[in-house]
2 protein chains.
Amino acid sequence: MDAVLAQAAARARGDVGARLAARLAGAAPALASLEEACRHALEGGKRLRGLMVLESAGLWDVPEEAALPAAAAIEALHAYSLVHDDLPAMDDDELRRGRPTVHVAFGEATAILVGDALQALAFEEVAAIRGVPAERALALSARLAAAAGLRGMVGGQHWDLTIEAGAASGDLRAIAAMQALKTGALFEWSATAGAVLAGEDPKPLAAYAHALGRAFQIADDLLDATGDAATVGKATGKDLAAGKATYVGTLGVEGARAEAGRLAAEACDALAPFGARGDTLRLLARYTVSRDH
Amino acid sequence: MDAVLAQAAARARGDVGARLAARLAGAAPALASLEEACRHALEGGKRLRGLMVLESAGLWDVPEEAALPAAAAIEALHAYSLVHDDLPAMDDDELRRGRPTVHVAFGEATAILVGDALQALAFEEVAAIRGVPAERALALSARLAAAAGLRGMVGGQHWDLTIEAGAASGDLRAIAAMQALKTGALFEWSATAGAVLAGEDPKPLAAYAHALGRAFQIADDLLDATGDAATVGKATGKDLAAGKATYVGTLGVEGARAEAGRLAAEACDALAPFGARGDTLRLLARYTVSRDH
């Protein structure tokens, strides 16, 4: 990872992690074990989405009291989605971020409730945004709900399960449309958050997120096909085993790498209006396609 | 049920149900089965919380474009909580509102996702509030997240499961504190929503909700102890089987009825500042302790 990006990412991890930990602390004794499970779910991770929020906010000098809660919100929401996706009834994964998944460590009922609590925490964080007109925070909340719900992430996850069960087409076109909901919607929310908070046009950042999301997914395919679980931090080879169409299966390893590189360049081009201020977001797009976990 | 209350409740059911149905309609074909499961989860129910929102909004003539989304929000959130509470890993119930629970009808993975989508829908509805300053809608969103999350409903549900597993005290004091989180927090949100939207002091309505919530719980105990599943619309006798302390077990059937009546009167007294405008909320408090389902 480039040094400038590494520094920005480390700062985002530190600030977002500290904020989320503070929001969890101090629950009543009867809630201590649920709090601990929530903490487990929130720890670790690359915080790419939170970093995207902070960097997009930085394009317009959005105050930290607006940007940081938004970054914490998307990381809480992302963490909830991982906890629920890992459940036995869903993807049934035992390893996440290199550690036992929440239901393995704390039981299934607790894992369901952890996800539920973290989704609520995400919206609590958006509602804690200060330093910008309340209309903008409310718009960001509306966008988060839409990106997370039936027509966004949750819909995408359901569609993915339907494809895996063989009850819907798993061709590359369907996979791409499914992933645009499952992961693309939250990427778009993250990248456009700064524009919404600044009252500016979110379109260039939406274009950036769109290309980056597709690049990210191809990189995920490459990791699933060529990475090992210890480095990636979660099970690999799953798509192949599930018989799903992948970019690697369709384009080959080299073809997929080339397509990911092309999309990363497209993402960078979308940042042209921001000049040098968009450099960290450009580094992030290039990192997305070269990461090994 | 009193005729005035019945009319207000029927109107709330109609308006809230129509709004929620409209919000679900029109998802992409790939999402149709998830949409159908969401619809199943949202149908039926007494809509007591939505009615409380509409009636509290009516105390200050809060416009419908503010009150109705808030009422729809709390019913979406309540519906999500029922879907997740009914899951095999949680309370493992097969009957709800007189119909098969979502996981029985649509499978466990879909039920988890339905709950997740409906929680997002709840916050989408709050963010759709118009006709009042955005600050108030944002405050209502913050209050909903707090009432729903770790320190509210979700915490209460986890605490309840801990008590049922014998891992925490199940005496009446603990049960009351647990229920204040599990059901009391959303009652309070519902009753105070009108005040928050009107920019008025929510305290009298919080006091009303506090007494009504406890009365509601005692009534639930009475139904669990004396009702039959066909009338109540869900399994009965579960608290007794789980060995949990109940108001009926502690006070006896007649003692519990008297205490519920006392609390309903206390709830009515809290509405004194509103004079005759609070009459429907008073009828609701009295109905709460006399209902048979």
# chains A, B, ... in the order shown; residues from 1 in each chain; ligands from 1
call {"tool": "closest_atom_pairs", "arguments": {"of": "chain B", "to": "chain A", "cutoff": "6 Å", "atoms": "only C-alpha atoms", "output": "CSV"}}
result
residue,atom,partner,partner_atom,distance
B:Ala89,CA,A:Ala109,CA,5.1
B:Met90,CA,A:Ala109,CA,5.5
B:Ala109,CA,A:Ala89,CA,5.1
B:Ala117,CA,A:Gly149,CA,4.5
B:Ala120,CA,A:Ala145,CA,4.9
B:Glu124,CA,A:Ala142,CA,5.1
B:Ala127,CA,A:Ala142,CA,5.1
B:Ala134,CA,A:Glu135,CA,5.3
B:Glu135,CA,A:Ala134,CA,5.3
B:Leu138,CA,A:Ala127,CA,5.6
B:Ala142,CA,A:Glu124,CA,5.1
B:Ala145,CA,A:Ala120,CA,4.9
B:Gly149,CA,A:Ala117,CA,4.5
B:Leu150,CA,A:Ala117,CA,5.2
call {"tool": "residues_around", "arguments": {"residues": "B:Leu59", "least_positions_apart": "6", "cutoff": "10 Å", "atoms": "only C-alpha atoms", "output": "list in words"}}
result
Gly194, Ala195, Ala198, Phe274, Gly275, Ala276, Arg277, Gly278 and Leu281 of chain B
call {"tool": "write_last_selection", "arguments": {"atoms": "all heavy atoms", "output": "PDB file, in the first residue's frame"}}
result
ATOM      1  N   GLY B 194     -45.134  12.496  18.618  1.00  0.00           N
ATOM      2  CA  GLY B 194     -45.863  13.721  18.283  1.00  0.00           C
ATOM      3  C   GLY B 194     -45.240  14.944  18.925  1.00  0.00           C
ATOM      4  O   GLY B 194     -45.117  16.001  18.292  1.00  0.00           O
ATOM      5  N   ALA B 195     -44.828  14.803  20.193  1.00  0.00           N
ATOM      6  CA  ALA B 195     -44.203  15.925  20.895  1.00  0.00           C
ATOM      7  C   ALA B 195     -42.886  16.310  20.227  1.00  0.00           C
ATOM      8  O   ALA B 195     -42.597  17.496  20.036  1.00  0.00           O
ATOM      9  CB  ALA B 195     -43.970  15.557  22.369  1.00  0.00           C
ATOM     10  N   ALA B 198     -43.549  18.089  17.094  1.00  0.00           N
ATOM     11  CA  ALA B 198     -44.136  19.414  17.327  1.00  0.00           C
ATOM     12  C   ALA B 198     -43.162  20.353  18.028  1.00  0.00           C
ATOM     13  O   ALA B 198     -43.456  21.537  18.202  1.00  0.00           O
ATOM     14  CB  ALA B 198     -45.413  19.264  18.165  1.00  0.00           C
ATOM     15  N   PHE B 274     -53.442  17.578  28.392  1.00  0.00           N
ATOM     16  CA  PHE B 274     -54.021  17.641  27.052  1.00  0.00           C
ATOM     17  C   PHE B 274     -55.552  17.675  27.053  1.00  0.00           C
ATOM     18  O   PHE B 274     -56.160  17.765  25.989  1.00  0.00           O
ATOM     19  CB  PHE B 274     -53.522  16.471  26.209  1.00  0.00           C
ATOM     20  CG  PHE B 274     -52.022  16.351  26.241  1.00  0.00           C
ATOM     21  CD1 PHE B 274     -51.409  15.249  26.827  1.00  0.00           C
ATOM     22  CD2 PHE B 274     -51.223  17.357  25.728  1.00  0.00           C
ATOM     23  CE1 PHE B 274     -50.021  15.148  26.893  1.00  0.00           C
ATOM     24  CE2 PHE B 274     -49.840  17.270  25.785  1.00  0.00           C
ATOM     25  CZ  PHE B 274     -49.239  16.175  26.367  1.00  0.00           C
ATOM     26  N   GLY B 275     -56.161  17.587  28.234  1.00  0.00           N
ATOM     27  CA  GLY B 275     -57.615  17.652  28.314  1.00  0.00           C
ATOM     28  C   GLY B 275     -58.275  16.613  27.413  1.00  0.00           C
ATOM     29  O   GLY B 275     -57.778  15.497  27.264  1.00  0.00           O
ATOM     30  N   ALA B 276     -59.362  17.031  26.769  1.00  0.00           N
ATOM     31  CA  ALA B 276     -60.164  16.104  25.962  1.00  0.00           C
ATOM     32  C   ALA B 276     -59.409  15.613  24.725  1.00  0.00           C
ATOM     33  O   ALA B 276     -59.745  14.561  24.167  1.00  0.00           O
ATOM     34  CB  ALA B 276     -61.470  16.781  25.546  1.00  0.00           C
ATOM     35  N   ARG B 277     -58.386  16.369  24.289  1.00  0.00           N
ATOM     36  CA  ARG B 277     -57.638  15.940  23.095  1.00  0.00           C
ATOM     37  C   ARG B 277     -56.933  14.598  23.341  1.00  0.00           C
ATOM     38  O   ARG B 277     -56.578  13.909  22.380  1.00  0.00           O
ATOM     39  CB  ARG B 277     -56.582  16.984  22.716  1.00  0.00           C
ATOM     40  CG  ARG B 277     -57.188  18.313  22.325  1.00  0.00           C
ATOM     41  CD  ARG B 277     -56.173  19.194  21.602  1.00  0.00           C
ATOM     42  NE  ARG B 277     -56.286  19.030  20.169  1.00  0.00           N
ATOM     43  CZ  ARG B 277     -55.666  19.796  19.270  1.00  0.00           C
ATOM     44  NH1 ARG B 277     -54.852  20.757  19.673  1.00  0.00           N
ATOM     45  NH2 ARG B 277     -55.823  19.585  17.983  1.00  0.00           N
ATOM     46  N   GLY B 278     -56.700  14.257  24.610  1.00  0.00           N
ATOM     47  CA  GLY B 278     -56.016  13.006  24.922  1.00  0.00           C
ATOM     48  C   GLY B 278     -56.952  11.819  25.063  1.00  0.00           C
ATOM     49  O   GLY B 278     -56.510  10.725  25.429  1.00  0.00           O
ATOM     50  N   LEU B 281     -56.068   8.467  23.380  1.00  0.00           N
ATOM     51  CA  LEU B 281     -54.935   7.826  24.061  1.00  0.00           C
ATOM     52  C   LEU B 281     -55.382   7.219  25.392  1.00  0.00           C
ATOM     53  O   LEU B 281     -54.893   6.165  25.800  1.00  0.00           O
ATOM     54  CB  LEU B 281     -53.796   8.837  24.283  1.00  0.00           C
ATOM     55  CG  LEU B 281     -52.997   9.221  23.028  1.00  0.00           C
ATOM     56  CD1 LEU B 281     -52.055  10.387  23.331  1.00  0.00           C
ATOM     57  CD2 LEU B 281     -52.205   8.025  22.488  1.00  0.00           C
TER      58      LEU B 281
END
call {"tool": "select_by_dssp", "arguments": {"residues": "stretch 125-229 of chain B", "states": "helix (DSSP H, G or I)", "output": "PyMOL selection string"}}
result
chain B and resi 125-127+134-148+153-164+172-198+203-226+229
call {"tool": "select_by_dssp", "arguments": {"residues": "stretch 48-203 of chain A", "states": "strand (DSSP E)", "output": "list in words"}}
result
Leu95, Arg96, Arg99 and Pro100 of chain A
call {"tool": "residues_around", "arguments": {"residues": "stretch 251-265 of chain B", "least_positions_apart": "3", "cutoff": "9 Å", "atoms": "only C-alpha atoms", "output": "ChimeraX atom specification"}}
result
/B:208,211-219,221-222,225-226,246-248,268-270,282,285-290
call {"tool": "atom_distance", "arguments": {"atom1": "atom CA of B:Arg11", "atom2": "atom CA of B:Val83"}}
result
24.5 Å
call {"tool": "closest_residue", "arguments": {"among": "A:Arg97, A:Lys46, A:Lys203, A:His210", "to": "A:Gly184", "atoms": "only C-alpha atoms"}}
result
A:His210
call {"tool": "atom_distance", "arguments": {"atom1": "atom CA of B:Ala9", "atom2": "atom CA of B:Val53"}}
result
11.5 Å
call {"tool": "residues_around", "arguments": {"residues": "B:Glu55", "least_positions_apart": "6", "cutoff": "12 Å", "atoms": "only C-alpha atoms", "output": "PyMOL selection string"}}
result
chain B and resi 5+8-9+11-12+48-49+61-64+67-68+70-71+190-195+205+271+274+277-284
